[in-house]
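Novice: File name protein_33.txt; file contents compact mmCIF, C-alpha atoms; full text below.
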# COMPACT_ATOMS: atom_id res chain seq x y z
CA MET V 1 71.35 99.94 215.30
CA MET V 2 73.24 103.13 215.73
CA ALA V 3 73.83 105.12 218.68
CA ALA V 4 75.29 107.52 220.91
CA THR V 5 75.89 110.10 223.32
CA ALA V 6 73.61 112.50 224.80
CA PRO V 7 71.62 115.47 224.10
CA LEU V 8 72.32 118.84 225.43
CA SER V 9 69.22 120.87 224.76
CA PRO V 10 68.37 120.89 221.07
CA LEU V 11 66.30 123.99 221.63
CA ALA V 12 68.14 127.25 221.92
CA ARG V 13 68.13 129.55 224.89
CA SER V 14 67.81 133.31 224.72
CA SER V 15 70.64 133.86 227.21
CA PRO V 16 74.28 133.93 226.07
CA LEU V 17 75.80 130.50 225.64
CA ARG V 18 78.82 129.40 227.62
CA PRO V 19 81.12 126.48 226.90
CA PRO V 20 80.59 123.32 229.00
CA LEU V 21 84.32 123.12 229.69
CA SER V 22 86.21 123.25 232.92
CA SER V 23 89.62 123.08 231.26
CA THR V 24 91.26 126.47 230.96
CA SER V 25 93.16 125.32 227.91
CA ARG V 26 89.88 125.05 226.02
CA SER V 27 88.05 127.96 227.58
CA HIS V 28 89.34 130.49 225.06
CA LEU V 29 87.31 129.28 222.08
CA PRO V 30 85.67 132.21 220.28
CA PHE V 31 82.03 132.04 221.31
CA MET V 32 80.62 134.62 218.93
CA ALA V 33 76.93 135.36 218.46
CA VAL V 34 75.16 133.37 215.76
CA SER V 35 72.17 134.69 213.87
CA GLY V 36 68.94 132.72 214.20
CA ALA V 37 67.43 134.04 210.98
CA ALA V 38 65.84 131.50 208.67
CA SER V 39 67.79 130.49 205.60
CA SER V 40 68.15 127.77 203.01
CA SER V 41 69.79 124.50 204.02
CA SER V 42 72.49 125.08 201.40
CA ALA V 43 73.88 128.01 203.35
CA SER V 44 74.32 125.94 206.48
CA ALA V 45 75.82 123.12 204.42
CA GLU V 46 78.43 125.51 203.04
CA ALA V 47 79.21 126.68 206.55
CA GLU V 48 79.74 123.08 207.65
CA GLN V 49 82.07 122.52 204.71
CA ASP V 50 84.02 125.61 205.73
CA ILE V 51 84.61 124.09 209.16
CA SER V 52 85.85 120.85 207.64
CA ARG V 53 88.24 122.83 205.43
CA GLY V 54 89.53 124.83 208.37
CA ARG V 55 88.19 128.20 207.16
CA GLY V 56 85.97 128.82 210.16
CA VAL V 57 82.40 130.12 210.22
CA PRO V 58 81.01 133.56 209.44
CA LYS V 59 80.10 135.45 212.58
CA GLU V 60 76.58 136.04 211.32
CA ALA V 61 75.95 132.78 209.47
CA PRO V 62 72.22 132.20 208.87
CA VAL V 63 70.55 129.17 210.44
CA PRO V 64 67.49 127.36 209.04
CA GLN V 65 64.64 126.85 211.47
CA LEU V 66 62.96 123.72 212.79
CA GLU V 67 61.17 121.23 210.59
CA VAL V 68 57.91 120.18 212.24
CA ILE V 69 55.70 117.35 210.96
CA GLY V 70 52.72 115.58 212.49
CA SER V 71 49.11 115.82 213.50
CA LYS V 72 49.93 116.97 217.02
CA ARG V 73 51.26 120.34 215.87
CA ALA V 74 48.75 122.03 218.16
CA LEU V 75 50.88 120.91 221.10
CA LEU V 76 53.74 123.12 219.91
CA SER V 77 52.28 126.03 221.86
CA GLN V 78 53.32 124.14 225.00
CA PHE V 79 57.00 124.29 223.99
CA ALA V 80 58.37 127.64 225.11
CA SER V 81 61.79 126.98 223.57
CA LEU V 82 60.30 126.43 220.12
CA LYS V 83 59.24 130.06 220.02
CA MET V 84 62.90 131.10 219.92
CA SER V 85 65.26 131.08 216.96
CA TYR V 86 67.41 127.97 216.70
CA ARG V 87 70.95 128.94 217.70
CA PRO V 88 73.59 126.22 217.41
CA PHE V 89 76.60 126.41 219.69
CA PRO V 90 79.14 128.82 218.10
CA VAL V 91 81.97 127.12 216.19
CA ILE V 92 81.33 123.66 217.67
CA GLY V 93 77.74 123.52 216.46
CA TRP V 94 78.67 124.13 212.84
CA ASN V 95 80.16 120.70 212.16
CA ARG V 96 78.22 117.53 212.91
CA HIS V 97 81.24 115.45 213.89
CA VAL V 98 82.76 118.18 216.05
CA GLU V 99 79.47 118.72 217.89
CA THR V 100 78.85 115.00 218.31
CA ILE V 101 82.28 114.27 219.75
CA PHE V 102 82.58 117.51 221.70
CA ALA V 103 79.38 116.72 223.59
CA ALA V 104 80.59 113.20 224.34
CA PHE V 105 84.03 114.25 225.60
CA PHE V 106 83.22 117.38 227.58
CA ARG V 107 79.73 116.99 229.00
CA SER V 108 79.92 116.98 232.79
CA LEU V 109 78.89 113.94 234.85
CA PRO V 110 76.58 114.69 237.80
CA ARG V 111 77.22 112.69 240.96
CA VAL V 112 74.41 110.20 241.65
CA GLN V 113 74.25 107.23 244.02
CA PHE V 114 72.37 104.17 242.77
CA ARG V 115 70.79 101.07 244.28
CA ARG V 116 70.96 98.16 241.83
CA GLU V 117 68.20 95.61 241.29
CA CYS V 118 68.80 92.62 238.99
CA LEU V 119 65.71 91.49 237.13
CA ARG V 120 65.59 87.91 235.83
CA THR V 121 63.88 87.60 232.45
CA ARG V 122 61.70 84.77 231.20
CA ASP V 123 64.51 83.28 229.11
CA ASP V 124 66.83 83.18 232.17
CA GLY V 125 68.60 86.33 231.05
CA ALA V 126 69.13 89.31 233.33
CA VAL V 127 69.01 93.09 233.19
CA ALA V 128 70.09 95.60 235.82
CA LEU V 129 67.82 98.35 237.12
CA ASP V 130 69.62 101.22 238.85
CA TRP V 131 67.29 103.11 241.16
CA VAL V 132 68.40 106.39 242.73
CA SER V 133 69.49 105.58 246.24
CA GLY V 134 67.29 107.09 248.94
CA ASP V 135 64.24 107.67 246.75
CA GLU V 136 62.47 104.76 248.44
CA ARG V 137 62.54 106.80 251.67
CA LEU V 138 62.17 110.32 250.30
CA LEU V 139 59.41 109.84 247.72
CA SER V 140 55.87 108.61 248.15
CA PRO V 141 54.81 105.36 246.42
CA ASP V 142 52.80 107.29 243.85
CA SER V 143 55.61 109.66 242.86
CA PRO V 144 56.37 109.74 239.13
CA VAL V 145 58.93 107.14 238.03
CA LEU V 146 61.55 107.64 235.33
CA VAL V 147 63.09 104.44 233.90
CA LEU V 148 66.16 104.74 231.67
CA LEU V 149 67.00 101.81 229.41
CA ALA V 150 70.68 102.46 228.84
CA ILE V 151 72.27 100.32 226.14
CA SER V 152 75.10 102.65 225.29
CA ARG V 153 78.72 102.57 224.35
CA GLY V 154 80.37 104.75 226.88
CA LYS V 155 83.64 106.63 226.69
CA LYS V 156 86.38 104.06 227.19
CA CYS V 157 89.69 105.88 227.00
CA GLU V 158 91.61 103.00 225.48
CA ASP V 159 89.29 103.03 222.46
CA LEU V 160 89.59 106.72 221.63
CA GLU V 161 92.92 106.80 219.80
CA ALA V 162 91.32 107.10 216.38
CA LEU V 163 89.12 109.99 217.50
CA ASN V 164 91.99 111.72 219.26
CA SER V 165 94.08 111.59 216.11
CA HIS V 166 91.47 113.73 214.38
CA PHE V 167 90.46 116.07 217.20
CA GLY V 168 93.52 116.22 219.43
CA SER V 169 93.49 115.94 223.21
CA GLY V 170 92.18 118.44 224.77
CA LEU V 171 53.43 118.11 238.53
CA LYS V 172 51.99 116.53 241.14
CA VAL V 173 50.40 113.90 238.94
CA LYS V 174 50.83 110.20 239.44
CA LYS V 175 52.97 109.17 236.50
CA THR V 176 56.00 107.18 235.53
CA LEU V 177 58.54 108.15 232.89
CA LEU V 178 60.51 105.36 231.23
CA MET V 179 63.64 106.87 229.71
CA ILE V 180 65.38 104.56 227.31
CA SER V 181 68.96 105.47 226.54
CA CYS V 182 69.67 102.49 224.36
CA SER V 183 72.33 103.97 222.16
CA SER V 184 74.10 100.91 220.94
CA ARG V 185 75.68 102.51 217.90
CA SER V 186 76.93 105.32 220.01
CA ILE V 187 79.38 107.87 218.72
CA LEU V 188 81.98 106.67 221.16
CA PRO V 189 83.40 103.24 221.85
CA GLY V 190 82.87 101.04 224.88
CA LEU V 191 79.71 98.98 225.14
CA THR V 192 79.63 99.40 228.90
CA GLY V 193 77.44 102.47 229.07
CA GLY V 194 74.30 102.92 231.10
CA SER V 195 73.65 104.73 234.33
CA GLN V 196 77.12 106.28 234.18
CA ASP V 197 76.47 107.99 230.84
CA THR V 198 76.49 111.77 231.05
CA TYR V 199 73.25 112.38 229.17
CA VAL V 200 71.45 109.79 231.31
CA ARG V 201 72.68 111.49 234.47
CA HIS V 202 71.66 114.97 233.33
CA MET V 203 68.17 113.89 232.34
CA LEU V 204 67.94 111.97 235.60
CA VAL V 205 68.90 115.00 237.69
CA ARG V 206 66.35 117.23 236.01
CA ALA V 207 63.64 114.60 236.26
CA ARG V 208 64.20 114.28 240.00
CA LYS V 209 63.95 118.05 240.39
CA LYS V 210 60.49 117.76 238.84
CA GLY V 211 59.50 115.10 241.36
CA TRP V 212 59.99 112.02 239.20
CA ARG V 213 61.28 108.76 240.60
CA VAL V 214 64.18 107.59 238.43
CA VAL V 215 65.48 104.15 237.51
CA VAL V 216 67.99 103.28 234.79
CA PHE V 217 67.39 100.13 232.72
CA ASN V 218 70.82 98.72 231.82
CA SER V 219 70.42 96.06 229.17
CA ARG V 220 72.31 92.78 228.99
CA GLY V 221 76.04 93.31 229.13
CA CYS V 222 75.81 97.08 229.62
CA ALA V 223 77.05 98.93 232.70
CA ASN V 224 78.17 95.62 234.22
CA SER V 225 74.70 94.18 233.83
CA PRO V 226 75.05 90.38 234.17
CA VAL V 227 75.06 88.20 231.06
CA THR V 228 73.70 84.73 231.86
CA THR V 229 72.77 83.41 228.41
CA PRO V 230 74.50 83.44 225.00
CA GLN V 231 72.50 86.48 223.95
CA PHE V 232 73.09 90.19 224.36
CA TYR V 233 70.56 92.60 222.84
CA SER V 234 69.66 93.82 219.38
CA ALA V 235 67.84 96.57 217.54
CA SER V 236 64.90 94.18 217.15
CA PHE V 237 64.68 92.85 220.70
CA THR V 238 61.81 94.38 222.72
CA GLU V 239 61.09 91.58 225.20
CA ASP V 240 63.35 92.94 227.94
CA LEU V 241 61.73 96.37 227.66
CA CYS V 242 58.31 94.74 227.89
CA GLU V 243 59.30 92.93 231.09
CA VAL V 244 60.80 96.06 232.63
CA VAL V 245 57.61 98.04 231.97
CA LYS V 246 55.53 95.29 233.58
CA HIS V 247 57.90 95.20 236.55
CA VAL V 248 57.65 98.95 237.09
CA LEU V 249 53.87 98.77 236.84
CA LYS V 250 53.87 96.02 239.45
CA CYS V 251 56.04 98.13 241.77
CA TYR V 252 54.04 101.33 241.21
CA PRO V 253 50.56 100.33 240.01
CA LYS V 254 49.05 103.80 240.53
CA CYS V 255 51.50 105.57 238.25
CA LYS V 256 51.40 106.31 234.56
CA ILE V 257 54.50 105.31 232.65
CA TYR V 258 56.26 107.41 230.05
CA ALA V 259 59.29 106.41 227.99
CA VAL V 260 62.21 108.25 226.46
CA GLY V 261 64.73 106.56 224.19
CA TRP V 262 67.97 107.69 222.60
CA SER V 263 69.43 106.37 219.36
CA LEU V 264 69.18 102.56 219.27
CA GLY V 265 67.07 102.80 222.42
CA ALA V 266 64.70 105.04 220.51
CA ASN V 267 64.53 102.44 217.74
CA ILE V 268 63.69 99.70 220.26
CA LEU V 269 61.16 101.96 221.98
CA VAL V 270 59.30 102.80 218.77
CA ARG V 271 59.30 99.12 217.79
CA TYR V 272 57.83 98.33 221.20
CA LEU V 273 55.13 100.98 220.76
CA GLY V 274 54.21 99.51 217.39
CA GLN V 275 54.13 95.94 218.64
CA GLU V 276 51.98 96.77 221.65
CA SER V 277 49.85 99.20 219.60
CA TYR V 278 46.44 99.66 221.29
CA GLY V 279 47.51 97.54 224.25
CA CYS V 280 50.60 99.59 225.08
CA PRO V 281 50.72 100.44 228.82
CA LEU V 282 52.78 103.59 228.22
CA ALA V 283 51.00 106.93 228.41
CA GLY V 284 53.49 108.64 226.11
CA ALA V 285 56.96 108.35 224.61
CA VAL V 286 59.82 110.42 223.23
CA SER V 287 62.33 109.25 220.60
CA LEU V 288 65.66 111.09 220.25
CA CYS V 289 68.12 110.63 217.36
CA ASN V 290 66.43 107.44 216.21
CA PRO V 291 68.19 105.79 213.22
CA PHE V 292 64.70 104.57 212.12
CA ASN V 293 65.82 103.02 208.81
CA LEU V 294 68.71 100.73 209.72
CA PRO V 295 69.79 99.80 206.16
CA ILE V 296 70.25 103.51 205.41
CA ALA V 297 72.00 104.07 208.73
CA ASP V 298 74.29 101.10 208.04
CA GLU V 299 75.12 102.43 204.58
CA ASP V 300 76.14 105.83 205.94
CA PHE V 301 77.96 104.28 208.87
CA ARG V 302 80.50 102.75 206.49
CA LYS V 303 81.36 106.00 204.69
CA GLY V 304 83.92 108.73 205.25
CA PHE V 305 84.58 109.83 208.81
CA ASN V 306 81.94 107.42 210.11
CA LYS V 307 84.40 104.58 209.50
CA ILE V 308 86.29 105.80 212.57
CA TYR V 309 83.18 105.33 214.71
CA ASP V 310 82.57 101.96 213.09
CA ASN V 311 86.05 100.61 213.83
CA ALA V 312 86.07 101.89 217.40
CA LEU V 313 82.64 100.42 218.13
CA ALA V 314 83.66 97.06 216.67
CA ARG V 315 86.56 96.97 219.14
CA SER V 316 84.15 97.74 221.93
CA LEU V 317 81.76 94.96 220.93
CA LYS V 318 84.62 92.47 220.74
CA LYS V 319 85.66 93.32 224.30
CA ILE V 320 82.16 92.68 225.58
CA PHE V 321 81.98 89.42 223.65
CA LYS V 322 85.34 88.17 224.90
CA ARG V 323 84.34 88.80 228.52
CA HIS V 324 81.44 86.38 228.03
CA GLU V 325 82.95 84.08 225.41
CA LEU V 326 82.54 80.99 227.62
CA LEU V 327 78.76 81.25 227.20
CA PHE V 328 79.22 80.50 223.51
CA VAL V 329 81.36 77.36 223.97
CA GLY V 330 79.96 74.56 221.82
CA LEU V 331 77.92 76.92 219.65
CA HIS V 332 80.44 77.32 216.82
CA ASP V 333 78.11 75.49 214.45
CA GLU V 334 75.43 78.15 215.01
CA TYR V 335 77.54 81.29 215.33
CA ASN V 336 80.51 82.51 213.34
CA ILE V 337 82.63 82.95 216.44
CA PRO V 338 85.88 83.81 214.60
CA MET V 339 84.11 86.59 212.66
CA ALA V 340 82.61 88.08 215.82
CA ALA V 341 85.85 87.78 217.80
CA ASN V 342 87.88 89.45 215.05
CA ALA V 343 85.28 91.87 213.67
CA ARG V 344 86.70 95.09 212.26
CA THR V 345 83.27 96.65 211.76
CA VAL V 346 79.93 96.54 213.55
CA ARG V 347 78.41 94.93 210.49
CA GLU V 348 80.87 92.02 210.73
CA PHE V 349 80.04 91.55 214.40
CA ASP V 350 76.32 91.59 213.66
CA GLU V 351 76.80 89.07 210.85
CA GLY V 352 78.80 86.70 213.02
CA LEU V 353 76.78 86.95 216.22
CA THR V 354 73.82 89.31 216.56
CA ARG V 355 71.72 88.28 213.58
CA VAL V 356 72.21 84.58 214.48
CA SER V 357 71.16 85.15 218.11
CA PHE V 358 67.86 86.63 216.98
CA GLY V 359 67.09 84.30 214.08
CA PHE V 360 67.74 86.45 211.02
CA LYS V 361 68.92 84.97 207.72
CA SER V 362 71.54 87.65 207.12
CA VAL V 363 72.73 90.94 208.54
CA ASP V 364 70.73 92.79 205.87
CA ASP V 365 67.63 90.84 206.88
CA TYR V 366 68.34 91.80 210.49
CA TYR V 367 68.71 95.51 209.70
CA PHE V 368 65.63 95.69 207.48
CA ASN V 369 63.30 93.86 209.86
CA SER V 370 64.62 95.69 212.93
CA SER V 371 63.94 99.18 211.57
CA SER V 372 61.46 101.14 213.67
CA SER V 373 60.36 103.05 210.57
CA ASN V 374 58.20 100.00 209.88
CA SER V 375 56.47 100.40 213.27
CA ILE V 376 55.31 104.03 213.11
CA VAL V 377 52.06 103.12 211.37
CA HIS V 378 51.06 100.90 214.31
CA VAL V 379 51.87 103.38 217.11
CA GLN V 380 48.79 104.32 219.15
CA THR V 381 50.66 106.03 221.99
CA PRO V 382 51.46 109.77 221.87
CA LEU V 383 54.98 109.92 220.43
CA LEU V 384 57.35 112.86 220.06
CA CYS V 385 60.36 112.32 217.76
CA ILE V 386 63.29 114.76 217.85
CA GLN V 387 66.03 114.43 215.21
CA ALA V 388 68.96 116.52 213.94
CA ALA V 389 69.12 117.16 210.20
CA ASN V 390 72.92 116.77 210.20
CA ASP V 391 73.07 113.62 212.35
CA PRO V 392 75.93 111.44 211.01
CA ILE V 393 74.63 108.26 212.69
CA ALA V 394 70.86 108.62 212.24
CA PRO V 395 70.56 110.07 208.70
CA SER V 396 67.79 112.57 208.05
CA ARG V 397 66.87 110.77 204.84
CA GLY V 398 65.92 107.72 206.91
CA ILE V 399 63.24 109.54 208.92
CA PRO V 400 59.78 108.14 208.04
CA ARG V 401 58.27 111.58 207.49
CA GLU V 402 55.18 110.44 205.59
CA GLU V 403 54.33 107.75 208.14
CA ILE V 404 54.70 110.22 211.00
CA LYS V 405 52.59 112.77 209.13
CA GLU V 406 49.80 110.24 208.61
CA ASN V 407 49.77 108.99 212.22
CA PRO V 408 47.61 111.25 214.43
CA ASN V 409 49.58 110.17 217.50
CA CYS V 410 52.99 111.35 216.29
CA LEU V 411 54.91 114.61 216.16
CA LEU V 412 58.34 115.09 214.55
CA ILE V 413 60.74 117.96 215.23
CA VAL V 414 63.97 118.14 213.19
CA THR V 415 66.61 120.64 214.27
CA PRO V 416 68.95 121.99 211.55
CA LYS V 417 72.03 121.19 213.64
CA GLY V 418 72.88 118.94 216.56
CA GLY V 419 74.98 116.07 215.26
CA HIS V 420 74.28 112.72 216.89
CA LEU V 421 73.02 113.42 220.40
CA GLY V 422 75.12 116.54 220.57
CA TRP V 423 72.68 119.48 220.56
CA VAL V 424 75.25 121.58 222.35
CA ALA V 425 73.68 124.60 224.07
CA GLY V 426 74.52 126.14 227.40
CA GLU V 427 76.93 124.88 230.05
CA GLU V 428 75.05 121.71 230.99
CA ALA V 429 72.99 118.98 229.35
CA PRO V 430 70.24 118.48 228.49
CA LEU V 431 68.95 121.76 229.98
CA GLU V 432 65.27 122.35 229.21
CA LEU V 433 64.53 119.24 227.15
CA HIS V 434 62.92 117.27 229.96
CA GLY V 435 60.75 120.22 230.92
CA GLN V 436 59.40 120.39 227.38
CA ILE V 437 58.69 116.65 227.37
CA GLN V 438 56.80 117.05 230.62
CA LEU V 439 54.73 119.91 229.19
CA LEU V 440 53.83 117.79 226.18
CA TRP V 441 52.46 114.89 228.19
CA ASN V 442 50.70 117.12 230.72
CA SER V 443 48.68 118.50 227.82
Before we go any further, please render this structure as structure tokens.

Specialist:
Amino acid sequence: MMAATAPLSPLARSSPLRPPLSSTSRSHLPFMAVSGAASSSSASAEAEQDISRGRGVPKEAPVPQLEVIGSKRALLSQFASLKMSYRPFPVIGWNRHVETIFAAFFRSLPRVQFRRECLRTRDDGAVALDWVSGDERLLSPDSPVLVLLAISRGKKCEDLEALNSHFGSGLKVKKTLLMISCSSRSILPGLTGGSQDTYVRHMLVRARKKGWRVVVFNSRGCANSPVTTPQFYSASFTEDLCEVVKHVLKCYPKCKIYAVGWSLGANILVRYLGQESYGCPLAGAVSLCNPFNLPIADEDFRKGFNKIYDNALARSLKKIFKRHELLFVGLHDEYNIPMAANARTVREFDEGLTRVSFGFKSVDDYYFNSSSSNSIVHVQTPLLCIQAANDPIAPSRGIPREEIKENPNCLLIVTPKGGHLGWVAGEEAPLELHGQIQLLWNS
């Protein structure tokens, strides 16, 4: 249900950190050293409160270490970054909202040329697959393939007034990796994200350096993907993902397929893994900032500062809906069109449109039955879940820790900081994250 931006590496680097800013007006932030010593979570909570009160952060504030759960703990030896102390980005990394929004505003956007393929689905819908232009000539047919399912709300400048008012301006193995960036409750407005999202581009660039073939899966209505039926996407809808995986397998039958999902995309991915269970064609998967328990995520989404995200995202959804409103002509008896067209919150939009499109009795029924926390028990594919303990969009209390612990195929890593798809570290994003994912599946 929720969503977002994009991870810079959640795992700290031993080298000094530098700000990912090109603007000289913001290059003078005090980037002091931060201790990586273990501590209680209360100490970090107090530090976060200090930021919100404008008192700053102690130069040597203690940082709690990673929470690791799951039967695949033996694989941790493959993660070089996990042997280091967790060091959040100085100043910015001490407040979950600051880190979340900072990463969304100031992460650089690598230049990539795409070749678009439109895939018709069985229900006459359509999704757009953006392949990296030139890979068909430069790479062999059995090169690894990386597919990104990008349902994300990108940074649309006209929707950022509310945020600005608070923050101011300023292996040579045959394999396929399916990266799902389906962050539909993203931290920033604009439901037109996809292959242009910064975190998608950075993961894409690093995947290609490792020899992976890359394709971005833009879901219905995202990144100018065509909408041909009165249906967009939802947290429960896995059919498009299923068809994309089959299509990639058909194109590259000798390759293994791996999947990575962010936020709502992670929720859809884990639901897909659970539904396919023993028959899942994926060789492995990674879930990042998954909201898991959507009723809990929805509850937190309507509190405090999160209301700003909620209102901005509702505006974004309404814009997408109004561009395709003609598809819903004559369906007023089924949908609550006025509620969707005038929604002030994401919940109102889901009540008026989304839950009806996918056959749910109410928005609460939709959220409960779309939660990927219910699917963990059925997952038979190796699955790595990475969460941030202070994520404002995917609450830590919604993580299905017991289910992950009991499933021998799952591993959970929770970083003490990171916000929602922030994980600010170093001058680029997401730095070493993809390399660690690759190490996991190679083992």

Novice: Please compute the CA of Ser195 (chain V)-CA of Val127 (chain V) distance, one decimal, in Å.

Specialist: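 Taking CA of Ser195 (chain V) and CA of Val127 (chain V), their separation equals 12.6 Å.
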
Novice: Between CA of Leu384 (chain V) and CA of Val270 (chain V), measure the distance and give it in Å to one decimal.

Specialist: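 Taking CA of Leu384 (chain V) as the start and CA of Val270 (chain V) as the end point, the length is 10.3 Å.
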
Novice: I want to know what sits within 12 Å of Ser357 (chain V), based on all atoms listed in the file, with residues of the same chain fewer than 5 positions away left out; could you give that as a PDB file with C-alpha atoms, keeping the file's coordinate frame?

Specialist:
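Done, and the output landed in out_27.pdb:
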ATOM      1  CA  THR V 229      72.770  83.410 228.410  1.00  0.00           C
ATOM      2  CA  PRO V 230      74.500  83.440 225.000  1.00  0.00           C
ATOM      3  CA  GLN V 231      72.500  86.480 223.950  1.00  0.00           C
ATOM      4  CA  PHE V 232      73.090  90.190 224.360  1.00  0.00           C
ATOM      5  CA  TYR V 233      70.560  92.600 222.840  1.00  0.00           C
ATOM      6  CA  SER V 234      69.660  93.820 219.380  1.00  0.00           C
ATOM      7  CA  ALA V 235      67.840  96.570 217.540  1.00  0.00           C
ATOM      8  CA  SER V 236      64.900  94.180 217.150  1.00  0.00           C
ATOM      9  CA  PHE V 237      64.680  92.850 220.700  1.00  0.00           C
ATOM     10  CA  PHE V 328      79.220  80.500 223.510  1.00  0.00           C
ATOM     11  CA  LEU V 331      77.920  76.920 219.650  1.00  0.00           C
ATOM     12  CA  GLU V 334      75.430  78.150 215.010  1.00  0.00           C
ATOM     13  CA  TYR V 335      77.540  81.290 215.330  1.00  0.00           C
ATOM     14  CA  ASN V 336      80.510  82.510 213.340  1.00  0.00           C
ATOM     15  CA  ILE V 337      82.630  82.950 216.440  1.00  0.00           C
ATOM     16  CA  PHE V 349      80.040  91.550 214.400  1.00  0.00           C
ATOM     17  CA  ASP V 350      76.320  91.590 213.660  1.00  0.00           C
ATOM     18  CA  GLU V 351      76.800  89.070 210.850  1.00  0.00           C
ATOM     19  CA  GLY V 352      78.800  86.700 213.020  1.00  0.00           C
ATOM     20  CA  SER V 362      71.540  87.650 207.120  1.00  0.00           C
ATOM     21  CA  VAL V 363      72.730  90.940 208.540  1.00  0.00           C
ATOM     22  CA  TYR V 366      68.340  91.800 210.490  1.00  0.00           C
TER      23      TYR V 366
END

Novice: Give me, as JSON lines, the closest atom pair and its distance (Å, one decimal) for every residue of region 251-316 of chain V within a cut-off of 12 Å of region 90-111 of chain V, counting all atoms listed in the file, rows sorted by chain and rising number.

Specialist:
{"residue": "V:Cys289", "atom": "CA", "partner": "V:Thr100", "partner_atom": "CA", "distance": 11.6}
{"residue": "V:Gly304", "atom": "CA", "partner": "V:His97", "partner_atom": "CA", "distance": 11.3}
{"residue": "V:Phe305", "atom": "CA", "partner": "V:His97", "partner_atom": "CA", "distance": 8.3}
{"residue": "V:Asn306", "atom": "CA", "partner": "V:His97", "partner_atom": "CA", "distance": 8.9}
{"residue": "V:Ile308", "atom": "CA", "partner": "V:His97", "partner_atom": "CA", "distance": 11.0}
{"residue": "V:Tyr309", "atom": "CA", "partner": "V:Ile101", "partner_atom": "CA", "distance": 10.3}

Novice: Do you know which residues are at most 8 Å from Asp240 (chain V) counting only C-alpha atoms, after dropping those on the same chain fewer than 2 positions away, and could you put them as number ranges by chain?

Specialist: V: 121, 127, 219, 237-238, 242-244

Novice: Keeping C-alpha atoms for every residue in the selection just given, could you write it to a file as a PDB file, keeping the file's coordinate frame?

Specialist:
ATOM      1  CA  THR V 121      63.880  87.600 232.450  1.00  0.00           C
ATOM      2  CA  VAL V 127      69.010  93.090 233.190  1.00  0.00           C
ATOM      3  CA  SER V 219      70.420  96.060 229.170  1.00  0.00           C
ATOM      4  CA  PHE V 237      64.680  92.850 220.700  1.00  0.00           C
ATOM      5  CA  THR V 238      61.810  94.380 222.720  1.00  0.00           C
ATOM      6  CA  CYS V 242      58.310  94.740 227.890  1.00  0.00           C
ATOM      7  CA  GLU V 243      59.300  92.930 231.090  1.00  0.00           C
ATOM      8  CA  VAL V 244      60.800  96.060 232.630  1.00  0.00           C
TER       9      VAL V 244
END

Novice: So how far away is CA of Ala283 (chain V) from CA of Thr381 (chain V), in Å?

Specialist: 6.5 Å

Novice: Could you pull the residues within 9 Å of Ala388 (chain V), counting all atoms listed in the file, minus those fewer than 4 positions along the same chain, as a PDB file with C-alpha atoms, in the coordinates of the input?

Specialist:
ATOM      1  CA  PRO V  10      68.370 120.890 221.070  1.00  0.00           C
ATOM      2  CA  LEU V 288      65.660 111.090 220.250  1.00  0.00           C
ATOM      3  CA  CYS V 289      68.120 110.630 217.360  1.00  0.00           C
ATOM      4  CA  ALA V 394      70.860 108.620 212.240  1.00  0.00           C
ATOM      5  CA  PRO V 395      70.560 110.070 208.700  1.00  0.00           C
ATOM      6  CA  SER V 396      67.790 112.570 208.050  1.00  0.00           C
ATOM      7  CA  ILE V 413      60.740 117.960 215.230  1.00  0.00           C
ATOM      8  CA  VAL V 414      63.970 118.140 213.190  1.00  0.00           C
ATOM      9  CA  THR V 415      66.610 120.640 214.270  1.00  0.00           C
ATOM     10  CA  PRO V 416      68.950 121.990 211.550  1.00  0.00           C
ATOM     11  CA  LYS V 417      72.030 121.190 213.640  1.00  0.00           C
ATOM     12  CA  GLY V 418      72.880 118.940 216.560  1.00  0.00           C
ATOM     13  CA  GLY V 419      74.980 116.070 215.260  1.00  0.00           C
ATOM     14  CA  HIS V 420      74.280 112.720 216.890  1.00  0.00           C
ATOM     15  CA  LEU V 421      73.020 113.420 220.400  1.00  0.00           C
ATOM     16  CA  TRP V 423      72.680 119.480 220.560  1.00  0.00           C
TER      17      TRP V 423
END

Novice: Which residue out of V:Ile386, V:Gly330, V:Val132, V:Pro141 has the minimum interatomic distance to Lys250 (chain V) when only C-alpha atoms are used?

Specialist: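 Using only C-alpha atoms, the shortest distance to Lys250 (chain V) belongs to V:Pro141.
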
Novice: Ranking V:Arg116, V:Ala314, V:Val248, V:Ser373 by minimum distance to Pro144 (chain V) and counting only C-alpha atoms, which one comes first?

Specialist: V:Val248

Novice: May I have the residues within 9 Å of region 398-407 of chain V as JSON, numbers by chain, using all atoms listed in the file and disregarding those fewer than 2 positions away in the same chain?

Specialist: {"V": [69, 70, 71, 290, 291, 292, 293, 294, 295, 296, 297, 373, 374, 376, 377, 378, 379, 380, 387, 394, 395, 396, 409, 410, 411, 412]}

Novice: Restricting the calculation to all atoms listed in the file, which member of V:Gly279, V:Gly194, V:Gly422, V:Pro338 is positioned closest to Gly265 (chain V)?

Specialist: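 Closest to Gly265 (chain V) of all the choices is V:Gly194.
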
Novice: In the coordinates of the file, take the point (71.3, 104.3, 248.5) and a cut-off of 7 Å; then, counting all atoms listed in the file, name each qualifying protein, DNA or RNA residue as a PDB file with C-alpha atoms, in the coordinates of the input.

Specialist:
ATOM      1  CA  GLN V 113      74.250 107.230 244.020  1.00  0.00           C
ATOM      2  CA  PHE V 114      72.370 104.170 242.770  1.00  0.00           C
ATOM      3  CA  ARG V 115      70.790 101.070 244.280  1.00  0.00           C
ATOM      4  CA  VAL V 132      68.400 106.390 242.730  1.00  0.00           C
ATOM      5  CA  SER V 133      69.490 105.580 246.240  1.00  0.00           C
ATOM      6  CA  GLY V 134      67.290 107.090 248.940  1.00  0.00           C
TER       7      GLY V 134
END
